[in-house]
Structures are given as C-alpha cells and as structure tokens.
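Student: What follows is input-v2.txt; its format and atoms are compact mmCIF, C-alpha atoms.
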```txt
# COMPACT_ATOMS: atom_id res chain seq x y z
CA MET U 65 74.27 88.32 206.98
CA ASN U 66 78.09 88.21 206.76
CA GLN U 67 78.20 88.52 202.98
CA GLU U 68 78.75 91.99 201.54
CA GLN U 69 78.33 93.10 197.94
CA SER U 70 79.21 96.46 196.49
CA ILE U 71 76.91 97.99 193.86
CA PRO U 72 78.60 100.53 191.54
CA VAL U 73 75.64 102.93 191.45
CA ASN U 74 77.79 105.69 189.88
CA HIS U 75 75.91 108.65 191.32
CA ASP U 76 77.84 111.89 190.79
CA ASP U 77 77.08 113.22 194.29
CA PHE U 78 75.84 112.13 197.73
CA ILE U 79 73.32 109.29 197.86
CA HIS U 80 70.37 110.29 200.04
CA ASP U 81 68.11 107.26 199.94
CA LEU U 82 67.57 103.78 198.56
CA ALA U 83 64.40 101.70 198.50
CA TYR U 84 63.66 98.07 197.69
CA ASN U 85 60.41 97.04 196.09
CA PHE U 86 57.98 94.68 197.81
CA TYR U 87 59.79 91.51 196.69
CA GLY U 88 63.32 92.82 197.16
CA THR U 89 64.13 92.20 193.49
CA ARG U 90 64.30 95.85 192.45
CA LEU U 91 66.27 98.69 194.00
CA ALA U 92 66.00 102.45 193.49
CA THR U 93 68.67 104.94 194.56
CA CYS U 94 68.66 108.75 194.55
CA GLY U 95 71.05 111.55 195.41
CA SER U 96 72.20 115.12 195.15
CA ASP U 97 72.92 114.67 191.43
CA ARG U 98 69.11 114.97 190.96
CA CYS U 99 69.02 111.44 189.52
CA ILE U 100 67.08 108.29 190.31
CA LYS U 101 68.66 104.99 189.30
CA ILE U 102 66.69 101.77 189.20
CA TRP U 103 68.36 98.37 189.45
CA ASP U 104 67.09 94.82 188.83
CA TRP U 105 68.41 91.73 190.58
CA ASN U 106 69.77 89.11 188.19
CA LYS U 107 69.23 85.78 189.90
CA GLN U 108 71.57 83.88 187.59
CA THR U 109 74.60 86.15 188.02
CA GLY U 110 73.80 87.45 191.50
CA LEU U 111 74.39 91.02 190.30
CA TRP U 112 72.32 94.21 190.23
CA ILE U 113 71.76 95.37 186.65
CA LEU U 114 70.91 98.99 185.79
CA ASN U 115 67.36 99.28 184.48
CA GLU U 116 67.23 103.05 183.98
CA SER U 117 68.83 106.33 185.05
CA ILE U 118 66.32 109.17 185.35
CA GLN U 119 66.97 112.91 185.53
CA ALA U 120 64.16 113.22 188.03
CA HIS U 121 64.10 116.63 189.73
CA ASP U 122 65.47 120.16 189.64
CA SER U 123 67.29 119.68 192.95
CA SER U 124 68.54 116.91 195.24
CA VAL U 125 66.27 113.87 195.44
CA VAL U 126 65.95 112.99 199.14
CA ARG U 127 63.43 110.15 199.48
CA LEU U 128 61.89 107.29 197.49
CA SER U 129 58.88 105.03 198.05
CA TRP U 130 57.52 102.04 196.10
CA ALA U 131 53.81 101.33 195.82
CA HIS U 132 52.59 97.78 196.37
CA PRO U 133 52.98 95.70 193.16
CA GLU U 134 49.23 95.14 192.90
CA PHE U 135 49.09 98.76 191.67
CA GLY U 136 51.85 98.14 189.11
CA GLN U 137 55.47 99.27 189.10
CA VAL U 138 54.93 102.70 190.65
CA LEU U 139 57.68 104.74 192.30
CA ALA U 140 57.39 108.10 194.08
CA SER U 141 60.19 110.59 194.74
CA CYS U 142 60.46 113.86 196.65
CA SER U 143 63.06 116.58 196.42
CA LEU U 144 64.46 119.79 197.78
CA ASP U 145 62.66 121.46 194.85
CA ARG U 146 59.47 121.05 197.00
CA THR U 147 57.78 118.59 194.66
CA VAL U 148 56.64 114.97 194.66
CA ARG U 149 56.78 113.03 191.40
CA ILE U 150 55.15 109.74 190.44
CA TRP U 151 56.96 107.37 188.06
CA VAL U 152 55.50 104.35 186.24
CA GLU U 153 57.43 101.69 184.33
CA GLN U 154 56.68 101.40 180.62
CA GLU U 155 57.31 97.73 179.95
CA SER U 156 57.07 98.19 176.20
CA SER U 157 60.23 100.34 176.21
CA MET U 158 63.76 98.99 176.31
CA THR U 159 65.82 99.25 179.48
CA ASN U 160 68.31 102.14 179.60
CA SER U 161 66.45 103.79 176.72
CA GLY U 162 65.57 106.96 178.60
CA SER U 163 61.85 106.19 178.25
CA ARG U 164 61.52 103.05 180.37
CA TRP U 165 60.15 105.08 183.30
CA ARG U 166 57.60 107.79 182.66
CA GLY U 167 56.85 110.70 184.97
CA MET U 168 53.08 110.64 185.35
CA THR U 169 52.61 113.77 187.44
CA THR U 170 54.34 116.41 189.53
CA ILE U 171 52.71 117.43 192.82
CA ALA U 172 53.74 120.92 193.93
CA ASP U 173 51.45 121.87 196.80
CA SER U 174 54.09 122.40 199.47
CA ALA U 175 55.59 125.78 200.29
CA ALA U 176 58.65 124.09 201.83
CA VAL U 177 60.96 121.14 201.18
CA VAL U 178 59.26 117.74 201.02
CA HIS U 179 61.48 115.50 203.14
CA SER U 180 59.50 112.27 203.42
CA ILE U 181 56.98 110.27 201.40
CA ALA U 182 55.29 106.93 202.05
CA PHE U 183 52.70 104.94 200.13
CA ALA U 184 49.82 103.70 202.26
CA PRO U 185 49.48 99.93 202.89
CA GLU U 186 47.93 98.11 199.97
CA TYR U 187 44.83 96.97 201.89
CA THR U 188 43.60 100.58 202.15
CA SER U 189 43.91 102.16 198.72
CA LEU U 190 46.50 103.67 196.42
CA SER U 191 47.46 106.82 198.30
CA ILE U 192 50.63 108.53 199.42
CA ALA U 193 51.58 110.71 202.39
CA ALA U 194 54.01 113.58 201.83
CA ALA U 195 55.61 115.35 204.82
CA SER U 196 57.22 118.75 204.32
CA SER U 197 59.07 121.31 206.39
CA ASP U 198 56.02 123.57 206.54
CA GLY U 199 54.82 121.31 209.36
CA ARG U 200 52.11 119.55 207.33
CA VAL U 201 51.49 116.05 206.01
CA ARG U 202 49.34 115.89 202.89
CA LEU U 203 47.64 112.68 201.78
CA TYR U 204 47.05 112.25 198.05
CA SER U 205 45.05 109.78 195.98
CA PRO U 206 44.72 109.49 192.18
CA THR U 207 41.42 110.38 190.58
CA ASP U 208 42.10 107.67 188.00
CA PRO U 209 43.92 104.63 189.48
CA VAL U 210 44.96 103.49 186.00
CA ARG U 211 46.42 106.61 184.44
CA LEU U 212 47.82 108.10 187.69
CA SER U 213 48.13 111.50 186.04
CA ASN U 214 46.02 113.50 188.49
CA TRP U 215 46.40 113.32 192.29
CA THR U 216 44.28 115.28 194.75
CA VAL U 217 44.59 116.01 198.47
CA ASN U 218 42.25 113.85 200.57
CA HIS U 219 43.49 114.80 204.03
CA GLN U 220 45.91 117.24 205.58
CA ILE U 221 47.57 116.84 208.98
CA GLU U 222 48.99 119.89 210.69
CA LEU U 223 51.72 118.83 213.12
CA VAL U 224 52.77 122.44 213.78
CA PRO U 225 49.80 124.82 214.26
CA GLY U 226 50.51 127.95 212.29
CA GLY U 227 53.03 126.20 210.08
CA ALA U 228 56.83 126.01 210.00
CA THR U 229 59.73 126.74 207.66
CA ASP U 230 62.69 124.85 206.24
CA SER U 231 64.90 126.17 209.04
CA ASP U 232 62.74 124.33 211.61
CA GLY U 233 64.04 120.97 210.41
CA PRO U 234 62.69 118.03 208.40
CA LEU U 235 59.38 116.25 208.88
CA SER U 236 59.05 112.45 208.55
CA VAL U 237 56.06 110.12 208.19
CA SER U 238 55.41 106.38 208.37
CA TRP U 239 52.22 104.32 208.09
CA CYS U 240 50.92 101.65 210.43
CA LYS U 241 51.28 98.47 208.39
CA SER U 242 48.81 96.25 210.24
CA ARG U 243 45.70 95.39 208.28
CA PHE U 244 43.98 94.35 211.51
CA SER U 245 44.02 97.80 213.12
CA SER U 246 40.59 99.27 213.64
CA GLN U 247 41.70 102.64 212.23
CA ARG U 248 44.20 103.84 209.66
CA MET U 249 47.14 105.28 211.58
CA LEU U 250 50.44 106.98 210.87
CA VAL U 251 53.27 108.47 212.90
CA VAL U 252 54.68 111.92 212.16
CA GLY U 253 57.83 113.36 213.68
CA GLY U 254 60.08 116.41 213.42
CA SER U 255 59.79 120.00 212.24
CA LYS U 256 59.30 122.79 214.77
CA TYR U 257 59.25 121.67 218.44
CA ASN U 258 60.64 118.21 217.45
CA ARG U 259 57.49 116.32 218.41
CA VAL U 260 56.56 112.76 217.48
CA LYS U 261 52.81 112.06 217.30
CA VAL U 262 50.50 109.27 216.22
CA PHE U 263 47.41 110.19 214.22
CA GLN U 264 44.29 108.08 213.62
CA LEU U 265 41.62 108.34 210.98
CA VAL U 266 38.38 109.08 212.83
CA ASN U 267 35.27 109.59 210.75
CA SER U 268 36.44 111.78 207.85
CA GLY U 269 39.74 113.15 209.16
CA PHE U 270 42.98 112.35 210.96
CA VAL U 271 43.16 113.38 214.60
CA GLU U 272 45.94 113.13 217.15
CA ALA U 273 45.85 109.91 219.17
CA VAL U 274 48.94 110.37 221.33
CA GLN U 275 52.20 112.29 221.51
CA LEU U 276 55.02 109.79 221.88
CA ASP U 277 57.70 112.28 222.85
CA GLN U 278 59.32 115.67 222.33
CA TYR U 279 63.07 116.09 221.93
CA ASP U 280 65.70 118.79 222.20
CA SER U 281 67.14 117.98 218.77
CA HIS U 282 65.77 117.41 215.27
CA VAL U 283 63.84 114.24 214.49
CA LEU U 284 65.35 112.95 211.24
CA ASP U 285 63.29 109.81 210.63
CA VAL U 286 60.46 107.64 211.99
CA ASP U 287 59.41 104.09 211.11
CA TRP U 288 56.42 101.98 212.15
CA ALA U 289 57.18 98.26 212.53
CA PRO U 290 55.03 95.44 211.16
CA THR U 291 53.01 93.97 214.05
CA MET U 292 53.15 90.27 213.09
CA GLY U 293 50.38 89.33 215.53
CA ARG U 294 51.62 91.32 218.53
CA SER U 295 49.05 93.07 220.70
CA TYR U 296 51.03 96.33 220.48
CA HIS U 297 52.94 98.35 217.91
CA LEU U 298 56.62 99.29 217.76
CA ILE U 299 57.74 102.71 216.49
CA ALA U 300 61.36 103.83 216.07
CA THR U 301 62.69 107.38 215.82
CA ALA U 302 66.09 108.66 214.63
CA CYS U 303 67.44 111.91 216.02
CA ALA U 304 70.25 114.36 215.42
CA ASP U 305 71.44 113.82 219.03
CA GLY U 306 72.69 110.34 218.09
CA HIS U 307 69.83 108.47 219.79
CA ILE U 308 67.51 105.80 218.42
CA ARG U 309 64.37 105.59 220.55
CA ILE U 310 61.86 102.76 220.39
CA TYR U 311 58.29 102.95 221.67
CA LYS U 312 55.51 100.51 222.30
CA PHE U 313 52.13 101.89 221.31
CA TRP U 314 48.71 100.49 222.16
CA SER U 315 45.85 101.83 220.08
CA ASP U 316 43.59 99.62 222.23
CA PRO U 317 45.14 99.54 225.72
CA ALA U 318 42.63 96.89 226.79
CA LEU U 319 45.16 94.52 225.18
CA ALA U 320 48.08 95.93 227.18
CA LYS U 321 47.81 93.15 229.80
CA THR U 322 48.78 90.55 227.22
CA HIS U 323 51.93 92.22 225.92
CA LEU U 324 54.28 90.59 228.43
CA ALA U 325 53.34 87.16 227.13
CA ASP U 326 55.56 87.78 224.09
CA SER U 327 58.89 86.50 225.41
CA LEU U 328 60.84 88.28 222.69
CA PHE U 329 60.01 91.64 224.20
CA VAL U 330 59.86 90.91 227.96
CA ARG U 331 62.15 93.21 229.92
CA GLU U 332 64.23 91.88 232.76
CA GLY U 333 62.38 92.03 236.07
CA SER U 334 58.97 92.45 234.44
CA ASP U 335 56.05 90.81 236.25
CA PRO U 336 53.39 89.53 233.85
CA ASP U 337 50.80 90.01 236.60
CA ASP U 338 51.81 93.66 237.15
CA SER U 339 49.73 95.23 234.41
CA ASP U 340 46.77 97.47 233.82
CA ALA U 341 43.16 96.54 234.40
CA SER U 342 42.36 93.24 232.75
CA ALA U 343 41.19 93.08 229.17
CA GLU U 344 37.99 91.50 230.41
CA ASP U 345 37.17 94.52 232.59
CA ALA U 346 38.20 96.92 229.83
CA ALA U 347 35.94 95.17 227.35
CA ALA U 348 32.92 94.99 229.69
CA GLU U 349 29.64 96.12 228.21
CA PRO U 350 28.49 99.59 229.30
CA GLY U 351 25.25 100.03 231.18
CA ASP U 352 22.02 101.69 230.18
CA ASP U 353 22.13 105.16 228.64
CA GLY U 354 20.56 106.51 231.79
CA ASP U 355 23.46 105.39 233.96
CA SER U 356 25.84 108.04 235.21
CA GLU U 357 29.28 108.28 233.63
CA ASP U 358 32.58 109.55 234.98
CA SER U 359 36.29 109.23 234.33
CA ILE U 360 39.16 108.57 236.66
CA GLY U 361 42.92 108.90 236.25
CA ALA U 362 44.69 105.66 237.05
CA ASP U 363 48.41 105.65 237.91
CA ASP U 364 50.44 102.79 236.49
CA SER U 365 51.36 101.97 240.07
CA ASP U 366 47.70 101.17 240.76
CA SER U 367 47.55 98.58 238.00
CA ASP U 368 47.40 95.70 240.50
CA SER U 369 44.02 96.85 241.84
CA ASP U 370 41.46 94.06 241.62
CA SER U 371 37.80 94.28 240.82
CA ASP U 372 36.89 94.89 244.48
CA ASP U 373 38.54 98.30 244.29
CA LEU U 374 36.17 99.23 241.49
CA ASP U 375 33.14 98.42 243.57
CA SER U 376 33.80 101.15 246.12
CA ASP U 377 32.42 104.64 245.70
CA SER U 378 34.63 106.40 248.23
CA ASP U 379 35.25 110.13 248.45
CA SER U 380 38.82 109.62 247.27
CA ASP U 381 37.48 108.28 243.98
CA SER U 382 35.38 111.39 243.55
CA GLU U 383 38.42 113.58 244.18
CA ALA U 384 40.39 111.60 241.60
CA ASP U 385 37.56 112.20 239.17
CA ASP U 386 37.78 115.96 239.70
CA GLU U 387 41.55 115.99 239.33
CA SER U 388 41.35 114.01 236.11
CA GLU U 389 38.89 116.51 234.66
CA ASP U 390 41.11 119.43 235.67
CA GLU U 391 44.20 117.87 234.11
CA SER U 392 42.57 117.02 230.82
CA GLY U 393 41.99 120.55 229.58
CA GLY U 394 43.96 123.29 227.90
CA GLY U 395 47.16 123.55 225.91
CA GLU U 396 49.66 120.96 224.81
CA PRO U 397 52.39 120.53 227.43
CA ARG U 398 55.66 118.80 226.74
CA SER U 399 55.28 115.04 227.05
CA GLU U 400 57.60 113.19 229.38
CA PRO U 401 59.55 110.39 227.64
CA GLY U 402 57.80 107.06 227.65
CA HIS U 403 54.36 108.39 228.53
CA SER U 404 51.39 109.19 226.40
CA SER U 405 49.83 112.60 226.19
CA GLY U 406 46.67 113.88 224.60
CA GLY U 407 44.55 116.99 224.58
CA GLY U 408 45.13 120.17 222.67
CA ALA U 409 44.05 120.95 219.15
CA GLY U 410 43.46 117.97 216.93
CA SER U 411 43.31 115.42 219.77
CA LEU U 412 40.84 112.59 219.82
CA PRO U 413 37.55 113.92 221.18
CA SER U 414 36.54 113.09 224.74
CA ASN U 415 33.21 111.76 223.54
CA GLY U 416 33.11 108.34 225.14
CA LEU U 417 35.46 106.86 222.54
CA TYR U 418 38.59 108.11 224.26
CA ALA U 419 39.40 110.22 227.30
CA ASN U 420 42.64 112.19 227.26
CA ASP U 421 44.86 112.74 230.27
CA GLN U 422 47.88 114.99 230.64
CA GLY U 423 49.21 113.44 233.88
CA HIS U 424 52.74 112.09 234.14
CA GLY U 425 52.63 108.30 234.02
CA LYS U 426 48.82 108.18 233.80
CA HIS U 427 46.20 107.01 231.43
CA THR U 428 42.53 107.85 231.73
CA ARG U 429 39.79 105.25 231.81
CA LYS U 430 36.15 105.90 231.00
CA TRP U 431 33.71 104.17 233.36
CA LYS U 432 30.03 103.36 233.46
CA ARG U 433 28.21 102.84 236.76
CA GLN U 434 26.20 99.61 236.71
CA GLY U 435 24.30 98.89 239.89
CA GLY U 436 27.02 100.31 242.12
CA ARG U 437 29.87 98.74 240.10
CA ARG U 438 32.17 100.68 237.81
CA THR U 439 32.92 98.94 234.52
CA ALA U 440 35.55 100.06 232.04
CA LYS U 441 34.10 101.61 228.91
CA SER U 442 37.17 102.59 226.90
CA LEU U 443 40.83 103.46 227.28
CA ALA U 444 42.85 106.17 225.62
CA PRO U 445 45.74 105.08 223.38
CA ARG U 446 48.99 104.92 225.31
CA SER U 447 52.70 104.53 224.66
CA GLU U 448 55.85 103.49 226.48
CA LEU U 449 59.53 104.10 225.80
CA VAL U 450 61.16 100.65 225.69
CA GLY U 451 64.53 101.38 224.09
CA ASP U 452 67.00 104.27 223.97
CA ILE U 453 70.05 103.38 221.87
CA THR U 454 73.07 105.66 221.69
CA VAL U 455 75.42 105.22 218.76
CA GLN U 456 79.10 105.65 219.50
CA PRO U 457 80.62 107.90 218.38
CA SER U 458 77.62 110.18 218.82
CA VAL U 459 76.58 111.30 215.33
CA PRO U 460 73.18 112.17 213.81
CA ILE U 461 71.08 109.12 212.89
CA ARG U 462 69.66 109.66 209.41
CA ARG U 463 67.47 106.60 208.81
CA VAL U 464 65.80 103.81 210.76
CA ARG U 465 64.00 100.86 209.15
CA TRP U 466 62.38 97.71 210.55
CA ASN U 467 62.65 94.34 208.86
CA GLY U 468 59.56 92.52 207.61
CA THR U 469 58.74 90.98 210.98
CA GLY U 470 59.53 93.97 213.19
CA THR U 471 62.26 92.08 215.09
CA LEU U 472 65.35 93.75 213.61
CA LEU U 473 66.01 97.48 213.29
CA VAL U 474 68.47 98.95 210.79
CA SER U 475 70.00 102.40 211.22
CA SER U 476 72.32 104.58 209.16
CA SER U 477 74.25 107.54 210.51
CA ASP U 478 76.64 110.31 209.55
CA ASP U 479 79.69 108.16 210.30
CA GLY U 480 78.91 106.14 207.17
CA VAL U 481 77.97 102.98 209.06
CA VAL U 482 74.80 100.90 208.74
CA ARG U 483 74.00 99.04 211.97
CA ILE U 484 71.52 96.26 212.70
CA TRP U 485 69.96 96.08 216.18
CA LYS U 486 68.05 93.32 217.93
CA MET U 487 66.32 93.17 221.30
CA THR U 488 67.62 90.56 223.72
CA VAL U 489 65.40 88.55 226.07
CA ASN U 490 66.14 90.95 228.95
CA GLY U 491 64.88 93.95 227.00
CA THR U 492 68.17 95.58 225.97
CA TRP U 493 68.98 96.41 222.36
CA ARG U 494 72.22 94.98 221.03
CA GLU U 495 74.13 95.75 217.84
CA ILE U 496 74.49 92.46 215.98
CA THR U 497 76.35 93.70 212.90
CA ALA U 498 77.71 96.84 211.28
CA ILE U 499 78.60 97.63 207.69
CA ALA U 500 80.82 100.60 206.85
CA ALA U 501 80.92 102.34 203.51
CA GLU U 502 84.73 102.38 203.43
CA LYS U 503 85.63 99.12 205.20
CA SER U 504 84.16 95.73 205.95
CA ALA U 505 82.30 94.86 209.13
CA GLY U 506 85.22 92.76 210.32
CA GLU U 507 87.44 95.85 210.39
CA LEU U 508 85.06 97.85 212.60
```
So that I can check it, write out the structure of this file as structure tokens.
Tutor:
Amino acid sequence: MNQEQSIPVNHDDFIHDLAYNFYGTRLATCGSDRCIKIWDWNKQTGLWILNESIQAHDSSVVRLSWAHPEFGQVLASCSLDRTVRIWVEQESSMTNSGSRWRGMTTIADSAAVVHSIAFAPEYTSLSIAAASSDGRVRLYSPTDPVRLSNWTVNHQIELVPGGATDSDGPLSVSWCKSRFSSQRMLVVGGSKYNRVKVFQLVNSGFVEAVQLDQYDSHVLDVDWAPTMGRSYHLIATACADGHIRIYKFWSDPALAKTHLADSLFVREGSDPDDSDASAEDAAAEPGDDGDSEDSIGADDSDSDSDSDDLDSDSDSDSEADDESEDESGGGEPRSEPGHSSGGGAGSLPSNGLYANDQGHGKHTRKWKRQGGRRTAKSLAPRSELVGDITVQPSVPIRRVRWNGTGTLLVSSSDDGVVRIWKMTVNGTWREITAIAAEKSAGEL
C-alpha cells in the first residue's frame, strides 16, 4: 500500500481513464490525445510493458471497460465523438505492430456524448451498457458472440423523460455485481436534474426500483460495490460539489433486519433490535386469493412494533391505509437524502410485487389479511444514506471505485490526488492513504 510506481504512459494530453482487466495483469489508459494504450505486467521485472498504442477515436477517449476474460480479451471505449468502439486482441500479431488490437465495430446510436460504459457481469451474458448525455442508457449485445462485429440494442433506459443535451452534464452507469440477486440491476446517475436511480430488469424491460437521491450539482460517477455475502448493497456517487456519498440499498428489504449483524458496517449508537419488521413476518405466506388486501405506510420510527400491533384492525390503521394510497400517486418529487422514493413513469408497478411510497422516511408494505391477522406480502426496495465524505480542499470528484470486496473506496479528484477510504467500526469514513500525481503520499 505504501509502495508507489510511476508508469511512463506518454500520452500527449490529459489522461481521462484507466482500467485494469479482471486479473489485474493488464492495464488500459486513454486520454484527450484520442489514443488508447494497453500495458502488460511483467512479473519478472515488475514493470508495465507497452503492448499496443491505438489511434482509437476522432475525439477525446473518456472511458474504458474490460469484458470478463471468459469472452476473450475484449475492450470497449467511448468518446466525445459520441461513439462506442469494441476492440479485440489478435494474438497472432506482434505487440506494438499496429495490428495487435482490432476494432470490431463502432456503435453510433447516441445523439450526444457517451460518457460512461460498463460490461455486464459475466454470469448474465456478453452485453454492455452505454450512458450518454441525451439522458439515456442503451444496452447492447452481439448477434454473434464470436465475431463481435454486430451489436444491437436490447434495452433502453430513459433517465430523463424527453431527453437531455450535452450541456445538462454527464451520465454514468454501473452494474450490480452480485450473481445472487433475483434481478439484474444497475445504477444510473447524472444528466439533467442530477438524479441517481436504481433500475431492475422486470419481465422484458428495466424499470425504476428506487431513486437514491437528487443533488444540486452534477453527478460525475457512480459505482456499485461487490456484495461479498452482505444482505444489502453499497453504492457510491461522485459529485462536482466535492462530496462522495455512499448508500445502502436493499432490493429485498425483508433482509434489512439482518444488516446490523455485519460489524464492519455498524454505526455508532445503532441498536440491532431497532429495525424494520422481522424477516420472518416479511416472508410470511399470503392468504387465499379471496382474502382482502391493503397497504400501509410504516414510519421507520414504528419499526419496533411487534406482531401484536399487526393483529389490530383499528380505525387509525384504516386512515394510514388511505394516506398511503394518496401519497403513492402522481409525479416524481425530489427525494430527500437517505430515503427511497418510487412512483412516476418507469417505476416498479404496484401489482403486488412492490408498493411505492413517496413519504419522507417511509417505506410501504403490502399486507394480506389472514383470519384477522395482517401478514407481510412484499416490501418495496429501499435505500439509506450511510456516508457523506467531503474532500478538502473542495474540488469536483471525478471517479469512485470499490475494491474487489466492497470494503475500500478509491476516489480521484481535480486536485490530482487519488484517495482511499475505509469505514471505521463506528460508521465514519476515514482516509487511509492519498497518492498525488506530483508528489508522494508522505509529502501530502
């Protein structure tokens, strides 16, 4: 961690992104010189050796993404020229020959700059998400997984209804990396209105699961952490206001009761018994189809209610039912930080799978009446702001990336410093090291 090594990448202009392959043995860099440079790690010498320099695009190359190695050595790039290009290594060609990496296709569907690309996790299929400043994320898959010369749009996510322009800011995307999630999910942030939302694949399309937050400044990057067996997900956002915000997200809030058992992420003063309705109640079997069904809005402050409270059918419960129904309709209000929001166009349907609630600090629970007892049928996805890091001096945060276990977060900012953050046992995030482009960490 304390050892630093400089790589003479020799780009002729600003470097915008770098990306390691799955094993960390290959590195790709890109910049405003329109070039991509690919480097191989030499284990014997401990040096990075240039594999190829590619004149890749007609404008600045802003983001890179490696596919999983089971699909071969496949690299994707996106650029200010509004295109995405797919590159495949030709192992029969010599390194630094100009033909070692072949451009298989150019995707030019976007009417605005493509700022972010990300290959889907390998357990799904070979596909890539491309987020552009027109407010849309397009998901592509190859028609031939061997040749990779023709890619078609499978899904399209519209973060900004009616579209956006380059002046509205960049748009970023990151996939959920857990193979145990019941749905394919991704997080999208930025563009017009500076929203951050999670989308889930339901049936044949992606629909909004929850809005994590909405900011007053541009969202410059998002990253979804590996879960590593946790009952919740961690998502980080980087903003132009100099803040790094970290959210917990539950796609199945029935598991929310167990999240405090992970000592690495317990916040100081947290009570493990002060949680939502138990997972057992949330997972209870619904009654017969003929039973009546209603929904109630439950404040987080009511999370200590025991099962006896569910047995009562008081008038106050009926009034809460009515209020929940009134709150769940119409529009897409600004979400308060740290609370989930649903509803609006593209939200998960209130069809018994999920019930959306717009209330501050609330989540909505679907209930079945069984012989006078209410049993939980399903919970809407929910989120919670668990970290708000301010970099000093306050400068825009350009990138955030989790490590392979989701326990360390790396950020880079306009002051030319890369910082590594770790959560302490009391729930605060602490900078554990910093690396500057012009001086060593010991001089910071």
Student: With distances taken over only C-alpha atoms, which of U:Arg211, U:His219, U:Arg127, U:Lys256 is nearest to His282 in chain U?
Tutor: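 Residue with the minimum atom-to-atom distance to His282 in chain U: U:Lys256.
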Student: Could you please determine the separation between CA of Ala194 in chain U and CA of Leu212 in chain U in Å, to one decimal place?
Tutor: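 Going from CA of Ala194 in chain U over to CA of Leu212 in chain U covers 16.4 Å.
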Student: CA of Ser157 in chain U and CA of Ala92 in chain U are how many Å apart?
Tutor: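 That distance, rounded to one decimal, is 18.3 Å.
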Student: Need the shell around range 285-287 of chain U: protein/DNA/RNA residues with any atom at most 9 Å away, counting all atoms listed in the file. Skip same-chain ones fewer than 3 positions apart. Format as a list in words?
Tutor: Ser180, Pro234, Leu235, Ser236, Val237, Ser238, Trp239, Cys240, Val251, Val252, Gly253, Gly254, Val260, Leu298, Ile299, Ala300, Thr301, Ala302, Cys303, Ile461, Arg462, Arg463, Val464, Arg465 and Trp466 of chain U
Student: May I ask for the distance between CA of Tyr311 in chain U and CA of Glu448 in chain U, given in Å to one decimal place?
Tutor: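 Calculated distance between CA of Tyr311 in chain U and CA of Glu448 in chain U is 5.4 Å.
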Student: Just checking: using all atoms listed in the file, which residue out of U:Asn467, U:Asn106, U:Ser245, U:Gln275 ends up closest to Trp485 in chain U?
Tutor: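 Ranked by minimum distance to Trp485 in chain U, first place goes to U:Asn467.
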